[in-house]
2 protein chains.
Amino acid sequence: MFQLHPQLAADTVPVATWALCEVLLINDANYPWLVLVPARAGMRDLDDLAPEDQARATAEINRASKALKALFAPDKINVAALGNMVPQLHIHVIARFAHDPAWPQPVWGAVPASPYAPGEMDARVAVLRDAFEAA
Amino acid sequence: MFQLHPQLAADTVPVATWALCEVLLINDANYPWLVLVPARAGMRDLDDLAPEDQARATAEINRASKALKALFAPDKINVAALGNMVPQLHIHVIARFAHDPAWPQPVWGAVPASPYAPGEMDARVAVLRDAFEAA
């Protein structure tokens with residue numbers, strides 16, 4: 001049975017539940033940073049997913065990417081399934097900007113996370129939910 | 001018209017041409033590290049690909065991942081489309097090991113590349129081509 005890894009739960013807030021993935025927002029105001037976690041037990045790599053779930057993952061990465069583009073007009077979208085530290089399959093979808101604190105490096109380990117203020121977090125989750133409805 | 005970005009050409013050797021992607025091996029013996037480049041002009045992000053090409057990309061990421069698993073039995077596969085420095089859409093598929101020099105960090109910027117010796121490079125390309133036929 002699928003259970004969200006406690007490290008992912010600790011680092012994020014829930015935004016939406018899609019056909020395959022739990023959609024989470026990383027609590028780091030440095031970047032609009034989503035994590036998509038396929039709600040399937042025992043998955044580690046993208047190629048572990050069943051073919052129909054791979055198609056769902058592709059569609060959901062698209063939906064997340066297009067929502068981030070519509071909301072934030074980023075310079076680049078970064079998509080990555082790494083999982084060297086947290087073994088549960090999770091897919092980062094991150095809006096990147098030429099002026100963000102890690103650019104042009106990847107975000108992992110670049111600078112310490114900058115947690116959202118409570119009101120900022122709620123506002124960001126709200127605009128993301130609206131954008132997902134339109135994406 | 002599609003032309004491989006010169007930075008990608010400089011950092012890699014060609015391994016195979018698939019339905020969507022040019023499959024390249026990064027010249028870094030620290031990790032078995034493939035790069036898949038969709039042979040479509042003007043693509044930057046995964047969600048820029050047409051739906052049928054997204055399905056091809058998914059299938060080709062699978063094929064690359066399964067070949068790396070069969071050949072090297074890695075601890076983890078890392079898949080990423082970043083492209084902050086090289087704007088042409090390219091997808092990293094990397095076999096990671098708990099004993100590799102960047103573990104558990106991502107590979108980008110972790111340690112300097114360790115170029116293959118000429119014979120090693122040819123041998124690795126040969127075993128990859130064989131594994132792709134079987135994957």
# chains A, B, ... in the order shown; residues from 1 in each chain; ligands from 1
$ interface_residues --of "chain B" --to "chain A" --cutoff "10 Å" --atoms "only C-alpha atoms" --output "VMD selection string"
chain B and resid 44 to 49 51 54 to 55 57 to 59 61 to 66 75 to 87 91 to 94 96 to 98 103 to 109
$ residues_around --residues "Ala41 of chain A" --least-positions-apart "6" --cutoff "10 Å" --atoms "only C-alpha atoms" --output "JSON, numbers by chain"
{"A": [1, 2, 3, 4, 88, 89]}
$ residues_around --residues "segment 16-31 of chain A" --least-positions-apart "2" --cutoff "9 Å" --atoms "only C-alpha atoms" --output "MDAnalysis selection string"
chainID A and resid 4 8:9 11:14 33:40 53 56:57 60 64 90 94:97 100:102 107 111:117 120:121 124:125 129 132
$ select_by_dssp --residues "chain B" --states "strand (DSSP E)" --output "number ranges by chain"
B: 12-17, 21-26, 33-38, 76-81, 91-96
$ write_last_selection --atoms "N, CA and C atoms" --output "PDB file, in the first residue's frame"
ATOM      1  N   THR B  12      30.389  14.250 -25.647  1.00  0.00           N
ATOM      2  CA  THR B  12      29.838  12.902 -25.780  1.00  0.00           C
ATOM      3  C   THR B  12      30.395  12.178 -27.000  1.00  0.00           C
ATOM      4  N   VAL B  13      30.066  10.886 -27.066  1.00  0.00           N
ATOM      5  CA  VAL B  13      30.243  10.128 -28.316  1.00  0.00           C
ATOM      6  C   VAL B  13      28.879   9.536 -28.677  1.00  0.00           C
ATOM      7  N   PRO B  14      28.599   9.406 -29.981  1.00  0.00           N
ATOM      8  CA  PRO B  14      27.307   8.845 -30.385  1.00  0.00           C
ATOM      9  C   PRO B  14      27.269   7.339 -30.174  1.00  0.00           C
ATOM     10  N   VAL B  15      26.121   6.858 -29.698  1.00  0.00           N
ATOM     11  CA  VAL B  15      25.954   5.423 -29.454  1.00  0.00           C
ATOM     12  C   VAL B  15      24.880   4.829 -30.358  1.00  0.00           C
ATOM     13  N   ALA B  16      23.765   5.531 -30.525  1.00  0.00           N
ATOM     14  CA  ALA B  16      22.667   4.965 -31.314  1.00  0.00           C
ATOM     15  C   ALA B  16      21.744   6.091 -31.761  1.00  0.00           C
ATOM     16  N   THR B  17      20.970   5.800 -32.797  1.00  0.00           N
ATOM     17  CA  THR B  17      19.916   6.706 -33.251  1.00  0.00           C
ATOM     18  C   THR B  17      18.600   5.954 -33.130  1.00  0.00           C
ATOM     19  N   CYS B  21      15.248   9.909 -30.436  1.00  0.00           N
ATOM     20  CA  CYS B  21      16.451  10.516 -29.848  1.00  0.00           C
ATOM     21  C   CYS B  21      17.762  10.039 -30.470  1.00  0.00           C
ATOM     22  N   GLU B  22      18.723  10.945 -30.498  1.00  0.00           N
ATOM     23  CA  GLU B  22      20.125  10.578 -30.607  1.00  0.00           C
ATOM     24  C   GLU B  22      20.575  10.151 -29.208  1.00  0.00           C
ATOM     25  N   VAL B  23      21.211   8.981 -29.114  1.00  0.00           N
ATOM     26  CA  VAL B  23      21.668   8.460 -27.827  1.00  0.00           C
ATOM     27  C   VAL B  23      23.175   8.650 -27.761  1.00  0.00           C
ATOM     28  N   LEU B  24      23.611   9.376 -26.739  1.00  0.00           N
ATOM     29  CA  LEU B  24      25.008   9.771 -26.601  1.00  0.00           C
ATOM     30  C   LEU B  24      25.543   9.268 -25.267  1.00  0.00           C
ATOM     31  N   LEU B  25      26.838   8.982 -25.233  1.00  0.00           N
ATOM     32  CA  LEU B  25      27.514   8.620 -23.978  1.00  0.00           C
ATOM     33  C   LEU B  25      28.396   9.787 -23.568  1.00  0.00           C
ATOM     34  N   ILE B  26      28.185  10.286 -22.340  1.00  0.00           N
ATOM     35  CA  ILE B  26      29.047  11.351 -21.824  1.00  0.00           C
ATOM     36  C   ILE B  26      30.447  10.784 -21.566  1.00  0.00           C
ATOM     37  N   TRP B  33      26.767   7.180 -18.149  1.00  0.00           N
ATOM     38  CA  TRP B  33      25.948   8.397 -18.232  1.00  0.00           C
ATOM     39  C   TRP B  33      25.542   8.618 -19.689  1.00  0.00           C
ATOM     40  N   LEU B  34      24.278   8.364 -19.963  1.00  0.00           N
ATOM     41  CA  LEU B  34      23.730   8.566 -21.300  1.00  0.00           C
ATOM     42  C   LEU B  34      23.001   9.901 -21.363  1.00  0.00           C
ATOM     43  N   VAL B  35      22.972  10.459 -22.563  1.00  0.00           N
ATOM     44  CA  VAL B  35      22.142  11.625 -22.822  1.00  0.00           C
ATOM     45  C   VAL B  35      21.306  11.335 -24.055  1.00  0.00           C
ATOM     46  N   LEU B  36      19.998  11.522 -23.936  1.00  0.00           N
ATOM     47  CA  LEU B  36      19.068  11.322 -25.043  1.00  0.00           C
ATOM     48  C   LEU B  36      18.640  12.695 -25.555  1.00  0.00           C
ATOM     49  N   VAL B  37      18.865  12.919 -26.838  1.00  0.00           N
ATOM     50  CA  VAL B  37      18.539  14.223 -27.423  1.00  0.00           C
ATOM     51  C   VAL B  37      17.463  14.026 -28.492  1.00  0.00           C
ATOM     52  N   PRO B  38      16.234  14.470 -28.219  1.00  0.00           N
ATOM     53  CA  PRO B  38      15.193  14.366 -29.250  1.00  0.00           C
ATOM     54  C   PRO B  38      15.622  15.122 -30.513  1.00  0.00           C
ATOM     55  N   LYS B  76      20.729   3.052  -8.404  1.00  0.00           N
ATOM     56  CA  LYS B  76      19.662   3.994  -8.738  1.00  0.00           C
ATOM     57  C   LYS B  76      19.875   4.478 -10.158  1.00  0.00           C
ATOM     58  N   ILE B  77      18.781   4.759 -10.835  1.00  0.00           N
ATOM     59  CA  ILE B  77      18.848   5.464 -12.112  1.00  0.00           C
ATOM     60  C   ILE B  77      18.409   6.905 -11.860  1.00  0.00           C
ATOM     61  N   ASN B  78      19.192   7.850 -12.336  1.00  0.00           N
ATOM     62  CA  ASN B  78      18.796   9.264 -12.294  1.00  0.00           C
ATOM     63  C   ASN B  78      18.363   9.674 -13.696  1.00  0.00           C
ATOM     64  N   VAL B  79      17.184  10.264 -13.792  1.00  0.00           N
ATOM     65  CA  VAL B  79      16.670  10.776 -15.074  1.00  0.00           C
ATOM     66  C   VAL B  79      16.418  12.266 -14.892  1.00  0.00           C
ATOM     67  N   ALA B  80      16.927  13.088 -15.801  1.00  0.00           N
ATOM     68  CA  ALA B  80      16.733  14.523 -15.629  1.00  0.00           C
ATOM     69  C   ALA B  80      16.805  15.272 -16.952  1.00  0.00           C
ATOM     70  N   ALA B  81      15.898  16.206 -17.105  1.00  0.00           N
ATOM     71  CA  ALA B  81      15.949  17.184 -18.193  1.00  0.00           C
ATOM     72  C   ALA B  81      16.092  18.547 -17.522  1.00  0.00           C
ATOM     73  N   ILE B  91      18.022  14.762 -22.289  1.00  0.00           N
ATOM     74  CA  ILE B  91      17.564  14.014 -21.118  1.00  0.00           C
ATOM     75  C   ILE B  91      18.711  13.136 -20.629  1.00  0.00           C
ATOM     76  N   HIS B  92      19.146  13.394 -19.410  1.00  0.00           N
ATOM     77  CA  HIS B  92      20.196  12.586 -18.796  1.00  0.00           C
ATOM     78  C   HIS B  92      19.600  11.289 -18.253  1.00  0.00           C
ATOM     79  N   VAL B  93      20.266  10.176 -18.504  1.00  0.00           N
ATOM     80  CA  VAL B  93      19.887   8.886 -17.899  1.00  0.00           C
ATOM     81  C   VAL B  93      21.192   8.289 -17.373  1.00  0.00           C
ATOM     82  N   ILE B  94      21.309   8.258 -16.049  1.00  0.00           N
ATOM     83  CA  ILE B  94      22.613   8.007 -15.416  1.00  0.00           C
ATOM     84  C   ILE B  94      22.500   6.840 -14.445  1.00  0.00           C
ATOM     85  N   ALA B  95      23.430   5.895 -14.550  1.00  0.00           N
ATOM     86  CA  ALA B  95      23.504   4.795 -13.577  1.00  0.00           C
ATOM     87  C   ALA B  95      24.307   5.269 -12.377  1.00  0.00           C
ATOM     88  N   ARG B  96      23.684   5.219 -11.198  1.00  0.00           N
ATOM     89  CA  ARG B  96      24.326   5.716  -9.977  1.00  0.00           C
ATOM     90  C   ARG B  96      24.612   4.572  -9.001  1.00  0.00           C
TER      91      ARG B  96
END
